[in-house]
Every structure is written in structure tokens, then in C-alpha cells.
Amino acid sequence: MANTYTLIESKTSTSSSVIFTSIPATYTDLKLVTSCRGSSNTSGTSWYTLSLNGVNTNLNAFILQADGGSVTAANVTDLLGQNNPNSTTADVFSSNNHYIYNYTSSEYKVILNEYVNENNSTSAYITGFSGTVWSGTPAAITSVTLTTQTGNFAANSTFYLYGIKNS
Amino acid sequence: MAAGQTYTPIATSTLGSNTATVSFSSFSGYTDLILVSVARHTGSGMVGAYINFNSDTGANYSQTRLYTNGSGSTSDRNASASTIEYNYIGGSNFTPTYVNIMNYSNSISYKPILIKWNSLGNGSASYFLEEICQWKNSSPITTITLTTSSNSYTTGSTFTLYGIKAA
């Protein structure tokens, strides 16, 4: 039986962006799993942003996240995943899971995101989820770019792109 | 490492015509199920999309939801529902849903279901939501039925059921 949950590509990065290019159109959905950390000493939490097919416009996401004390909601544009800044506890990486539905269709694209950003402290950790809609040119997604808000990704950050096939 | 495939597409239904009810059966042999739907309805505006198990339409479902429209968070609960609202789908855009049905074949416990979805209005996201549901029945799930509160699922809507095997 054919494998239907396939690693397309894995990457590491110590620069400010990670780019998956030439994504084959042979799958139904995509799944992107990241474990990352930033090199900058940003206070609080930090994100990485999304570009699809080289553009970061027409992106809209609703976020729900909790810090152990309260739940907050937000409406953002291209913020996709958490990227623990260097000022947080050493060796703690953010974990992110992104599910990209129907990425070859000519419809709006939707990405389901889940993330956790830990810290060995009573504060500055966060867990959340969001849904991103790309309402731009309804083309198949052929490239995905993740870019830090500030600084670079830290060493040992990993990025895995999987393809899921429904037949 | 297990030799066999553990993430298997059991069945995919891509609607060739407008259809009021989509059903799955014959999915034995797995540990968990994942249902991925990308659906639209035949009317205008938004309508509820529903899931039932084993043709049970009694008040035997519970659902607790956390959702946002981008400006605030809301939680609600229905402890005695006759169905599970697994999405709120639009008539303009195809709306995705990710449904995880855990330990569906056991005959001991009630069945937990995790659901994540975006609803899409006319050109933008309307809601992002996660919910934990339960079918309050210890029987194995043998059929899954998907309906809407009004209208039908439109041509081109897709529904894929995956089986996850623990070993």
C-alpha cells in the first residue's frame, strides 16, 4: 500500500527564514511541524511569520491563546507560529503544528495552527491555536516561507514538511 | 519501528452532485479516526454542519466549545445535544474541519471527539473554534453521518476518513 503520510522535506536553519520550495502537487493536505527558538533577546513572546508563494498579503488569522491565567483572542495577519526568544530558559524550543488544507485547490486556503511556548518560569509561557485564511490569488501553494520577527532562528531549530494523501 | 502503514485513508467522498447526507461505514481495524472535510452548502449565509454516530439522534452528545471571531473569546456547552455541530459552513467558500475520533471501537467507554475548524464567511474568516465532544455511548462507532441544518453539501465538497493504527 502506498505511503500516504510522507516527509517531503526537513530543514534546519540559523538564518532569519526557512523556505520550502517546489512543493509537489501530489498530496491532498500538508502538515508542517516546527521546533524552533530565536537568537534575539526579545522580551515576552516572539513569532515567526508566513509567506505563501512568496507573498505575505491577504492573510488573516484568529488566535486563541492562554498563559495559565487568562485566555486572549486576537485578529492578526501573517503571524503563524511561536519562536521562543533567546531570553527565555536555555534549550527550550517552541513547538508548532500547522495543517494546510487542500493546498492545490483554487479556493481560499486555510491553515490550522497549534503552538506551545514554554519557559522554565511562572510566567512567559503560552499555548494557543489559530486559524489562518489566505484569501489572495487562489493558486496552488508551491512554496512556504517562515520568517522570524526579529533576529535569526537558533541552532538546532528544525522544520518538517509532510504531505498527506487521501488515496 | 512498525512495518505497516499507520495513517491510512479509508475512504474519500468528493461530491459529484449536491448531497444532503454523507455517511461512512466499514472502518474497522484502527485505533483512532480522523475526518477531514472541506465543505460548502448550496444556499447563502452560514449553516450548521452536524455529525452523528450509529444513527443516534437522541440527546446523547455533549460538546464544550471555545471560539473567537478575532475580537474576544467565548465558551459554551451543551451537555445533552442530539448531534454535534462540527462546523458552521458557508455558501460561498469551502470550509475545512479536522475531527479526531479517539478509541472509537472500544465497547467500554464513551467516545471522545476533538474538533478544530475555521468557518469562512464571504471572503474572510468568521470564527475559529476548538471543541471537545463526547458521544455518551459505550458501543463501538460503526457509522458516521454528516448532515447540515438546512440545504445540502454542494458539489465538490470533500470528506476523507483516515484510520490511525497504534501498532
# chains A, B, ... in the order shown; residues from 1 in each chain; ligands from 1
call {"tool": "closest_atom_pairs", "arguments": {"of": "chain B", "to": "chain A", "cutoff": "9 Å", "atoms": "only C-alpha atoms", "output": "tab-separated table"}}
result
residue	atom	partner	partner_atom	distance
B:Gln5	CA	A:Asn3	CA	6.8
B:Thr6	CA	A:Tyr5	CA	8.7
B:Tyr7	CA	A:Tyr5	CA	6.5
B:Thr8	CA	A:Thr4	CA	6.6
B:Pro9	CA	A:Asn166	CA	5.2
B:Ile10	CA	A:Ser167	CA	8.0
B:Ala11	CA	A:Ser167	CA	7.7
B:Thr12	CA	A:Asn166	CA	6.7
B:Val36	CA	A:Tyr101	CA	8.6
B:Val38	CA	A:Asn102	CA	7.9
B:Leu66	CA	A:Leu64	CA	8.5
B:Tyr67	CA	A:Leu64	CA	7.5
B:Thr68	CA	A:Ala73	CA	6.5
B:Asn69	CA	A:Phe62	CA	6.7
B:Gly70	CA	A:Asn75	CA	4.4
B:Ser71	CA	A:Ala74	CA	5.7
B:Gly72	CA	A:Ala73	CA	5.1
B:Ser73	CA	A:Ala73	CA	5.7
B:Asn93	CA	A:Tyr108	CA	7.3
B:Phe94	CA	A:Glu107	CA	7.1
B:Thr95	CA	A:Val110	CA	8.2
B:Pro96	CA	A:Tyr101	CA	7.0
B:Thr97	CA	A:Tyr101	CA	8.9
B:Tyr98	CA	A:Leu112	CA	8.8
B:Lys116	CA	A:Leu112	CA	7.8
B:Trp117	CA	A:Leu112	CA	7.6
B:Asn118	CA	A:Gly131	CA	6.1
B:Leu120	CA	A:Val133	CA	8.5
B:Gly123	CA	A:Ser135	CA	6.8
B:Ser124	CA	A:Val133	CA	7.1
B:Ala125	CA	A:Val133	CA	6.5
B:Ser126	CA	A:Phe62	CA	8.8
B:Tyr127	CA	A:Phe62	CA	7.4
B:Phe128	CA	A:Gly131	CA	5.9
B:Leu129	CA	A:Ser130	CA	8.3
B:Glu130	CA	A:Phe129	CA	8.6
B:Thr160	CA	A:Asn166	CA	6.5
B:Leu161	CA	A:Asn166	CA	8.2
B:Tyr162	CA	A:Asn166	CA	7.8
call {"tool": "select_by_dssp", "arguments": {"residues": "chain A", "states": "strand (DSSP E or B)", "output": "JSON list (two decimals) with N, CA and C atoms, in the first residue's frame"}}
result
[["chain", "number", "residue", "atom", "x", "y", "z"],
["A", 5, "TYR", "N", 1.37, 9.37, 4.27],
["A", 5, "TYR", "CA", 1.80, 10.41, 5.22],
["A", 5, "TYR", "C", 3.31, 10.48, 5.06],
["A", 6, "THR", "N", 3.77, 11.40, 4.23],
["A", 6, "THR", "CA", 5.14, 11.34, 3.72],
["A", 6, "THR", "C", 5.93, 12.59, 4.07],
["A", 7, "LEU", "N", 7.13, 12.39, 4.54],
["A", 7, "LEU", "CA", 8.02, 13.53, 4.76],
["A", 7, "LEU", "C", 8.47, 14.06, 3.40],
["A", 8, "ILE", "N", 8.12, 15.30, 3.10],
["A", 8, "ILE", "CA", 8.54, 15.92, 1.84],
["A", 8, "ILE", "C", 9.95, 16.47, 1.99],
["A", 9, "GLU", "N", 10.17, 17.18, 3.09],
["A", 9, "GLU", "CA", 11.49, 17.79, 3.27],
["A", 9, "GLU", "C", 11.67, 18.20, 4.73],
["A", 10, "SER", "N", 12.88, 18.05, 5.21],
["A", 10, "SER", "CA", 13.22, 18.57, 6.55],
["A", 10, "SER", "C", 14.31, 19.62, 6.40],
["A", 11, "LYS", "N", 14.28, 20.60, 7.29],
["A", 11, "LYS", "CA", 15.25, 21.67, 7.21],
["A", 11, "LYS", "C", 15.70, 22.07, 8.61],
["A", 12, "THR", "N", 16.89, 22.60, 8.67],
["A", 12, "THR", "CA", 17.36, 23.32, 9.85],
["A", 12, "THR", "C", 17.73, 24.72, 9.38],
["A", 17, "SER", "N", 15.09, 33.07, 7.97],
["A", 17, "SER", "CA", 13.94, 32.48, 7.27],
["A", 17, "SER", "C", 14.23, 31.03, 6.86],
["A", 18, "VAL", "N", 13.13, 30.33, 6.67],
["A", 18, "VAL", "CA", 13.17, 28.96, 6.15],
["A", 18, "VAL", "C", 12.21, 28.91, 4.98],
["A", 19, "ILE", "N", 12.65, 28.36, 3.87],
["A", 19, "ILE", "CA", 11.80, 28.33, 2.68],
["A", 19, "ILE", "C", 11.67, 26.90, 2.17],
["A", 20, "PHE", "N", 10.44, 26.46, 2.05],
["A", 20, "PHE", "CA", 10.16, 25.20, 1.37],
["A", 20, "PHE", "C", 9.69, 25.56, -0.04],
["A", 29, "ASP", "N", -3.28, 17.33, 1.49],
["A", 29, "ASP", "CA", -3.03, 18.33, 2.51],
["A", 29, "ASP", "C", -1.54, 18.35, 2.85],
["A", 30, "LEU", "N", -1.11, 19.40, 3.52],
["A", 30, "LEU", "CA", 0.26, 19.50, 4.01],
["A", 30, "LEU", "C", 0.25, 19.65, 5.53],
["A", 31, "LYS", "N", 1.29, 19.13, 6.14],
["A", 31, "LYS", "CA", 1.45, 19.33, 7.58],
["A", 31, "LYS", "C", 2.88, 19.80, 7.84],
["A", 32, "LEU", "N", 2.99, 20.90, 8.57],
["A", 32, "LEU", "CA", 4.29, 21.49, 8.87],
["A", 32, "LEU", "C", 4.49, 21.44, 10.38],
["A", 33, "VAL", "N", 5.57, 20.83, 10.80],
["A", 33, "VAL", "CA", 5.87, 20.68, 12.22],
["A", 33, "VAL", "C", 7.21, 21.35, 12.50],
["A", 34, "THR", "N", 7.23, 22.28, 13.45],
["A", 34, "THR", "CA", 8.47, 23.00, 13.72],
["A", 34, "THR", "C", 8.84, 22.95, 15.20],
["A", 35, "SER", "N", 10.10, 22.95, 15.45],
["A", 35, "SER", "CA", 10.65, 23.09, 16.80],
["A", 35, "SER", "C", 11.73, 24.16, 16.68],
["A", 36, "CYS", "N", 11.50, 25.32, 17.26],
["A", 36, "CYS", "CA", 12.40, 26.43, 16.95],
["A", 36, "CYS", "C", 12.57, 27.37, 18.13],
["A", 37, "ARG", "N", 13.58, 28.18, 17.98],
["A", 37, "ARG", "CA", 13.97, 29.13, 19.00],
["A", 37, "ARG", "C", 14.66, 30.28, 18.29],
["A", 38, "GLY", "N", 14.53, 31.50, 18.83],
["A", 38, "GLY", "CA", 15.15, 32.65, 18.18],
["A", 38, "GLY", "C", 16.48, 33.01, 18.81],
["A", 47, "TRP", "N", 7.20, 35.62, 17.47],
["A", 47, "TRP", "CA", 6.55, 34.82, 16.43],
["A", 47, "TRP", "C", 7.48, 34.62, 15.25],
["A", 48, "TYR", "N", 7.11, 33.66, 14.40],
["A", 48, "TYR", "CA", 7.57, 33.68, 13.03],
["A", 48, "TYR", "C", 6.36, 33.90, 12.14],
["A", 49, "THR", "N", 6.62, 34.51, 11.00],
["A", 49, "THR", "CA", 5.54, 34.89, 10.10],
["A", 49, "THR", "C", 5.51, 33.97, 8.88],
["A", 50, "LEU", "N", 4.45, 34.09, 8.13],
["A", 50, "LEU", "CA", 4.20, 33.20, 6.99],
["A", 50, "LEU", "C", 4.15, 33.99, 5.69],
["A", 51, "SER", "N", 4.75, 33.43, 4.67],
["A", 51, "SER", "CA", 4.50, 33.87, 3.29],
["A", 51, "SER", "C", 4.16, 32.64, 2.46],
["A", 52, "LEU", "N", 3.21, 32.78, 1.58],
["A", 52, "LEU", "CA", 2.84, 31.69, 0.68],
["A", 52, "LEU", "C", 3.13, 32.12, -0.75],
["A", 55, "VAL", "N", 4.51, 35.66, -1.04],
["A", 55, "VAL", "CA", 3.81, 36.88, -0.62],
["A", 55, "VAL", "C", 3.20, 36.68, 0.77],
["A", 59, "LEU", "N", -3.48, 37.63, 4.21],
["A", 59, "LEU", "CA", -3.52, 36.63, 5.26],
["A", 59, "LEU", "C", -4.27, 37.21, 6.46],
["A", 60, "ASN", "N", -5.10, 36.37, 7.05],
["A", 60, "ASN", "CA", -5.91, 36.79, 8.19],
["A", 60, "ASN", "C", -6.05, 35.62, 9.14],
["A", 61, "ALA", "N", -5.78, 35.84, 10.42],
["A", 61, "ALA", "CA", -5.86, 34.73, 11.38],
["A", 61, "ALA", "C", -6.55, 35.17, 12.66],
["A", 62, "PHE", "N", -7.35, 34.27, 13.18],
["A", 62, "PHE", "CA", -7.93, 34.45, 14.51],
["A", 62, "PHE", "C", -7.15, 33.59, 15.47],
["A", 63, "ILE", "N", -6.76, 34.17, 16.58],
["A", 63, "ILE", "CA", -5.92, 33.50, 17.57],
["A", 63, "ILE", "C", -6.66, 33.35, 18.89],
["A", 64, "LEU", "N", -6.52, 32.22, 19.50],
["A", 64, "LEU", "CA", -6.95, 31.99, 20.88],
["A", 64, "LEU", "C", -5.75, 31.45, 21.63],
["A", 65, "GLN", "N", -5.35, 32.08, 22.72],
["A", 65, "GLN", "CA", -4.19, 31.58, 23.45],
["A", 65, "GLN", "C", -4.37, 31.81, 24.94],
["A", 66, "ALA", "N", -3.65, 30.99, 25.71],
["A", 66, "ALA", "CA", -3.76, 31.04, 27.17],
["A", 66, "ALA", "C", -2.38, 31.03, 27.78],
["A", 71, "VAL", "N", -7.40, 33.80, 28.97],
["A", 71, "VAL", "CA", -7.50, 33.46, 27.55],
["A", 71, "VAL", "C", -7.64, 34.76, 26.78],
["A", 72, "THR", "N", -6.85, 34.92, 25.75],
["A", 72, "THR", "CA", -6.94, 36.12, 24.95],
["A", 72, "THR", "C", -7.21, 35.75, 23.50],
["A", 73, "ALA", "N", -7.85, 36.64, 22.80],
["A", 73, "ALA", "CA", -8.13, 36.45, 21.38],
["A", 73, "ALA", "C", -7.58, 37.62, 20.61],
["A", 74, "ALA", "N", -7.22, 37.37, 19.38],
["A", 74, "ALA", "CA", -6.68, 38.45, 18.55],
["A", 74, "ALA", "C", -6.96, 38.16, 17.08],
["A", 75, "ASN", "N", -6.95, 39.20, 16.31],
["A", 75, "ASN", "CA", -7.09, 39.11, 14.86],
["A", 75, "ASN", "C", -5.80, 39.64, 14.27],
["A", 76, "VAL", "N", -5.03, 38.79, 13.63],
["A", 76, "VAL", "CA", -3.71, 39.18, 13.12],
["A", 76, "VAL", "C", -3.63, 38.88, 11.63],
["A", 79, "LEU", "N", 1.13, 36.39, 11.32],
["A", 79, "LEU", "CA", 1.76, 35.66, 12.42],
["A", 79, "LEU", "C", 1.31, 34.21, 12.39],
["A", 80, "LEU", "N", 2.27, 33.29, 12.38],
["A", 80, "LEU", "CA", 1.90, 31.88, 12.21],
["A", 80, "LEU", "C", 2.25, 31.03, 13.42],
["A", 81, "GLY", "N", 3.52, 31.10, 13.89],
["A", 81, "GLY", "CA", 3.94, 30.20, 14.95],
["A", 81, "GLY", "C", 4.82, 30.89, 15.96],
["A", 82, "GLN", "N", 4.98, 30.25, 17.11],
["A", 82, "GLN", "CA", 5.80, 30.81, 18.17],
["A", 82, "GLN", "C", 7.28, 30.48, 17.97],
["A", 84, "ASN", "N", 10.42, 30.88, 20.48],
["A", 84, "ASN", "CA", 10.91, 31.25, 21.80],
["A", 84, "ASN", "C", 12.16, 32.14, 21.69],
["A", 94, "SER", "N", 10.18, 26.36, 21.03],
["A", 94, "SER", "CA", 8.75, 26.40, 20.76],
["A", 94, "SER", "C", 8.37, 25.22, 19.87],
["A", 95, "SER", "N", 7.17, 24.70, 20.07],
["A", 95, "SER", "CA", 6.65, 23.63, 19.24],
["A", 95, "SER", "C", 5.42, 24.13, 18.50],
["A", 96, "ASN", "N", 5.39, 23.88, 17.20],
["A", 96, "ASN", "CA", 4.30, 24.36, 16.37],
["A", 96, "ASN", "C", 3.85, 23.28, 15.41],
["A", 97, "ASN", "N", 2.56, 23.25, 15.17],
["A", 97, "ASN", "CA", 1.96, 22.28, 14.29],
["A", 97, "ASN", "C", 1.00, 23.03, 13.36],
["A", 98, "HIS", "N", 1.22, 22.92, 12.05],
["A", 98, "HIS", "CA", 0.39, 23.64, 11.09],
["A", 98, "HIS", "C", -0.20, 22.65, 10.08],
["A", 99, "TYR", "N", -1.50, 22.67, 9.92],
["A", 99, "TYR", "CA", -2.17, 21.76, 8.97],
["A", 99, "TYR", "C", -2.76, 22.61, 7.85],
["A", 100, "ILE", "N", -2.28, 22.39, 6.64],
["A", 100, "ILE", "CA", -2.69, 23.20, 5.49],
["A", 100, "ILE", "C", -3.64, 22.36, 4.64],
["A", 109, "LYS", "N", -7.26, 29.29, 0.96],
["A", 109, "LYS", "CA", -6.51, 28.28, 1.72],
["A", 109, "LYS", "C", -6.66, 28.55, 3.21],
["A", 110, "VAL", "N", -6.81, 27.48, 3.94],
["A", 110, "VAL", "CA", -6.96, 27.58, 5.39],
["A", 110, "VAL", "C", -5.88, 26.75, 6.07],
["A", 111, "ILE", "N", -5.27, 27.33, 7.10],
["A", 111, "ILE", "CA", -4.23, 26.64, 7.87],
["A", 111, "ILE", "C", -4.66, 26.60, 9.33],
["A", 112, "LEU", "N", -4.63, 25.43, 9.90],
["A", 112, "LEU", "CA", -4.94, 25.26, 11.31],
["A", 112, "LEU", "C", -3.63, 25.19, 12.09],
["A", 113, "ASN", "N", -3.49, 26.02, 13.10],
["A", 113, "ASN", "CA", -2.22, 26.13, 13.81],
["A", 113, "ASN", "C", -2.37, 25.83, 15.30],
["A", 114, "GLU", "N", -1.42, 25.12, 15.86],
["A", 114, "GLU", "CA", -1.36, 24.89, 17.30],
["A", 114, "GLU", "C", 0.07, 25.15, 17.75],
["A", 115, "TYR", "N", 0.24, 25.76, 18.90],
["A", 115, "TYR", "CA", 1.60, 26.07, 19.33],
["A", 115, "TYR", "C", 1.70, 26.09, 20.85],
["A", 116, "VAL", "N", 2.89, 25.84, 21.29],
["A", 116, "VAL", "CA", 3.19, 25.96, 22.71],
["A", 116, "VAL", "C", 4.56, 26.57, 22.85],
["A", 117, "ASN", "N", 4.67, 27.49, 23.80],
["A", 117, "ASN", "CA", 5.89, 28.25, 24.00],
["A", 117, "ASN", "C", 6.21, 28.18, 25.49],
["A", 126, "ILE", "N", 3.13, 30.06, 27.00],
["A", 126, "ILE", "CA", 1.88, 30.30, 26.30],
["A", 126, "ILE", "C", 1.51, 29.08, 25.49],
["A", 127, "THR", "N", 0.24, 28.80, 25.39],
["A", 127, "THR", "CA", -0.24, 27.77, 24.49],
["A", 127, "THR", "C", -1.43, 28.33, 23.73],
["A", 128, "GLY", "N", -1.55, 27.96, 22.50],
["A", 128, "GLY", "CA", -2.63, 28.55, 21.74],
["A", 128, "GLY", "C", -2.88, 27.84, 20.44],
["A", 129, "PHE", "N", -3.92, 28.30, 19.77],
["A", 129, "PHE", "CA", -4.22, 27.78, 18.45],
["A", 129, "PHE", "C", -4.85, 28.90, 17.63],
["A", 130, "SER", "N", -4.78, 28.72, 16.34],
["A", 130, "SER", "CA", -5.32, 29.75, 15.47],
["A", 130, "SER", "C", -5.69, 29.16, 14.12],
["A", 131, "GLY", "N", -6.47, 29.90, 13.40],
["A", 131, "GLY", "CA", -6.82, 29.52, 12.04],
["A", 131, "GLY", "C", -6.44, 30.64, 11.09],
["A", 132, "THR", "N", -5.65, 30.33, 10.10],
["A", 132, "THR", "CA", -5.20, 31.33, 9.14],
["A", 132, "THR", "C", -5.91, 31.12, 7.81],
["A", 133, "VAL", "N", -6.37, 32.19, 7.23],
["A", 133, "VAL", "CA", -7.01, 32.14, 5.91],
["A", 133, "VAL", "C", -6.19, 32.96, 4.94],
["A", 134, "TRP", "N", -5.88, 32.37, 3.80],
["A", 134, "TRP", "CA", -5.21, 33.10, 2.72],
["A", 134, "TRP", "C", -6.24, 33.32, 1.63],
["A", 144, "VAL", "N", 6.40, 27.74, 0.84],
["A", 144, "VAL", "CA", 6.04, 28.23, 2.17],
["A", 144, "VAL", "C", 7.31, 28.83, 2.78],
["A", 145, "THR", "N", 7.19, 30.07, 3.25],
["A", 145, "THR", "CA", 8.33, 30.75, 3.87],
["A", 145, "THR", "C", 7.99, 31.14, 5.30],
["A", 146, "LEU", "N", 8.86, 30.79, 6.21],
["A", 146, "LEU", "CA", 8.72, 31.17, 7.61],
["A", 146, "LEU", "C", 9.83, 32.16, 7.93],
["A", 147, "THR", "N", 9.48, 33.29, 8.52],
["A", 147, "THR", "CA", 10.47, 34.33, 8.79],
["A", 147, "THR", "C", 10.35, 34.81, 10.23],
["A", 148, "THR", "N", 11.47, 34.95, 10.90],
["A", 148, "THR", "CA", 11.44, 35.42, 12.29],
["A", 148, "THR", "C", 10.98, 36.87, 12.34],
["A", 153, "PHE", "N", 16.75, 32.28, 13.46],
["A", 153, "PHE", "CA", 16.44, 31.06, 14.17],
["A", 153, "PHE", "C", 17.73, 30.58, 14.85],
["A", 158, "THR", "N", 14.34, 23.00, 13.99],
["A", 158, "THR", "CA", 14.03, 22.04, 12.94],
["A", 158, "THR", "C", 12.66, 22.33, 12.35],
["A", 159, "PHE", "N", 12.50, 21.97, 11.07],
["A", 159, "PHE", "CA", 11.28, 22.26, 10.32],
["A", 159, "PHE", "C", 11.00, 21.07, 9.41],
["A", 160, "TYR", "N", 9.84, 20.45, 9.59],
["A", 160, "TYR", "CA", 9.48, 19.26, 8.81],
["A", 160, "TYR", "C", 8.19, 19.53, 8.04],
["A", 161, "LEU", "N", 8.22, 19.25, 6.76],
["A", 161, "LEU", "CA", 7.03, 19.39, 5.92],
["A", 161, "LEU", "C", 6.60, 18.00, 5.45],
["A", 162, "TYR", "N", 5.35, 17.65, 5.77],
["A", 162, "TYR", "CA", 4.80, 16.35, 5.38],
["A", 162, "TYR", "C", 3.68, 16.55, 4.35],
["A", 163, "GLY", "N", 3.52, 15.56, 3.51],
["A", 163, "GLY", "CA", 2.38, 15.52, 2.60],
["A", 163, "GLY", "C", 1.44, 14.41, 3.02],
["A", 164, "ILE", "N", 0.14, 14.72, 2.99],
["A", 164, "ILE", "CA", -0.88, 13.73, 3.35],
["A", 164, "ILE", "C", -1.77, 13.51, 2.13]]
call {"tool": "closest_residue", "arguments": {"among": "A:Ser143, A:Thr150, A:Thr57, A:Ser157", "to": "Tyr103 in chain A", "atoms": "only C-alpha atoms"}}
result
A:Ser143
call {"tool": "residues_around", "arguments": {"residues": "Thr158 in chain B", "least_positions_apart": "4", "cutoff": "7 Å", "atoms": "only C-alpha atoms", "output": "CSV table (one decimal) with N, CA and C atoms, in the first residue's frame"}}
result
chain,number,residue,atom,x,y,z
B,13,SER,N,-14.9,10.9,-0.1
B,13,SER,CA,-16.1,11.2,-0.9
B,13,SER,C,-16.0,12.6,-1.4
B,14,THR,N,-15.8,12.7,-2.7
B,14,THR,CA,-15.9,14.1,-3.3
B,14,THR,C,-17.2,14.1,-4.1
B,15,LEU,N,-18.0,15.0,-3.6
B,15,LEU,CA,-19.4,15.0,-4.1
B,15,LEU,C,-19.5,15.5,-5.6
B,37,SER,N,-12.8,17.3,6.4
B,37,SER,CA,-13.8,17.8,5.4
B,37,SER,C,-13.5,19.2,4.9
B,38,VAL,N,-13.8,19.4,3.7
B,38,VAL,CA,-13.7,20.8,3.1
B,38,VAL,C,-15.0,20.9,2.4
B,39,ALA,N,-16.0,21.6,3.0
B,39,ALA,CA,-17.3,21.6,2.5
B,39,ALA,C,-18.0,23.0,2.4
call {"tool": "residues_around", "arguments": {"residues": "Ser87 in chain A", "least_positions_apart": "2", "cutoff": "9 Å", "atoms": "only C-alpha atoms", "output": "JSON, numbers by chain"}}
result
{"A": [38, 39, 40, 41, 42, 43, 44, 84, 85, 89, 90]}
call {"tool": "write_last_selection", "arguments": {"atoms": "C-alpha atoms", "output": "CSV table (one decimal), in the first residue's frame"}}
result
chain,number,residue,atom,x,y,z
A,38,GLY,CA,15.1,32.7,18.2
A,39,SER,CA,18.6,34.2,18.6
A,40,SER,CA,17.4,37.6,19.7
A,41,ASN,CA,16.7,38.7,23.3
A,42,THR,CA,13.2,39.9,22.7
A,43,SER,CA,11.1,40.3,25.8
A,44,GLY,CA,7.9,38.3,26.0
A,84,ASN,CA,10.9,31.3,21.8
A,85,PRO,CA,13.3,34.2,22.1
A,89,THR,CA,15.2,29.5,29.5
A,90,ALA,CA,18.1,27.9,27.6
call {"tool": "residues_around", "arguments": {"residues": "Ser17 in chain B", "least_positions_apart": "5", "cutoff": "8 Å", "atoms": "only C-alpha atoms", "output": "ChimeraX atom specification"}}
result
/B:154-156
call {"tool": "atom_distance", "arguments": {"atom1": "CA of Ser13 in chain A", "atom2": "CA of Phe93 in chain A"}}
result
13.6 Å
call {"tool": "closest_residue", "arguments": {"among": "B:Ile51, B:Ala81, B:Met102, B:Ile108", "to": "Asn137 in chain B", "atoms": "only C-alpha atoms"}}
result
B:Ile108
call {"tool": "closest_residue", "arguments": {"among": "B:Thr57, B:Leu35, B:Thr64, B:Thr19", "to": "Cys133 in chain B", "atoms": "only C-alpha atoms"}}
result
B:Thr64
call {"tool": "atom_distance", "arguments": {"atom1": "CA of Gly29 in chain B", "atom2": "CA of Ser138 in chain B"}}
result
17.3 Å
call {"tool": "atom_distance", "arguments": {"atom1": "CA of Ser82 in chain B", "atom2": "CA of Ser157 in chain B"}}
result
24.3 Å
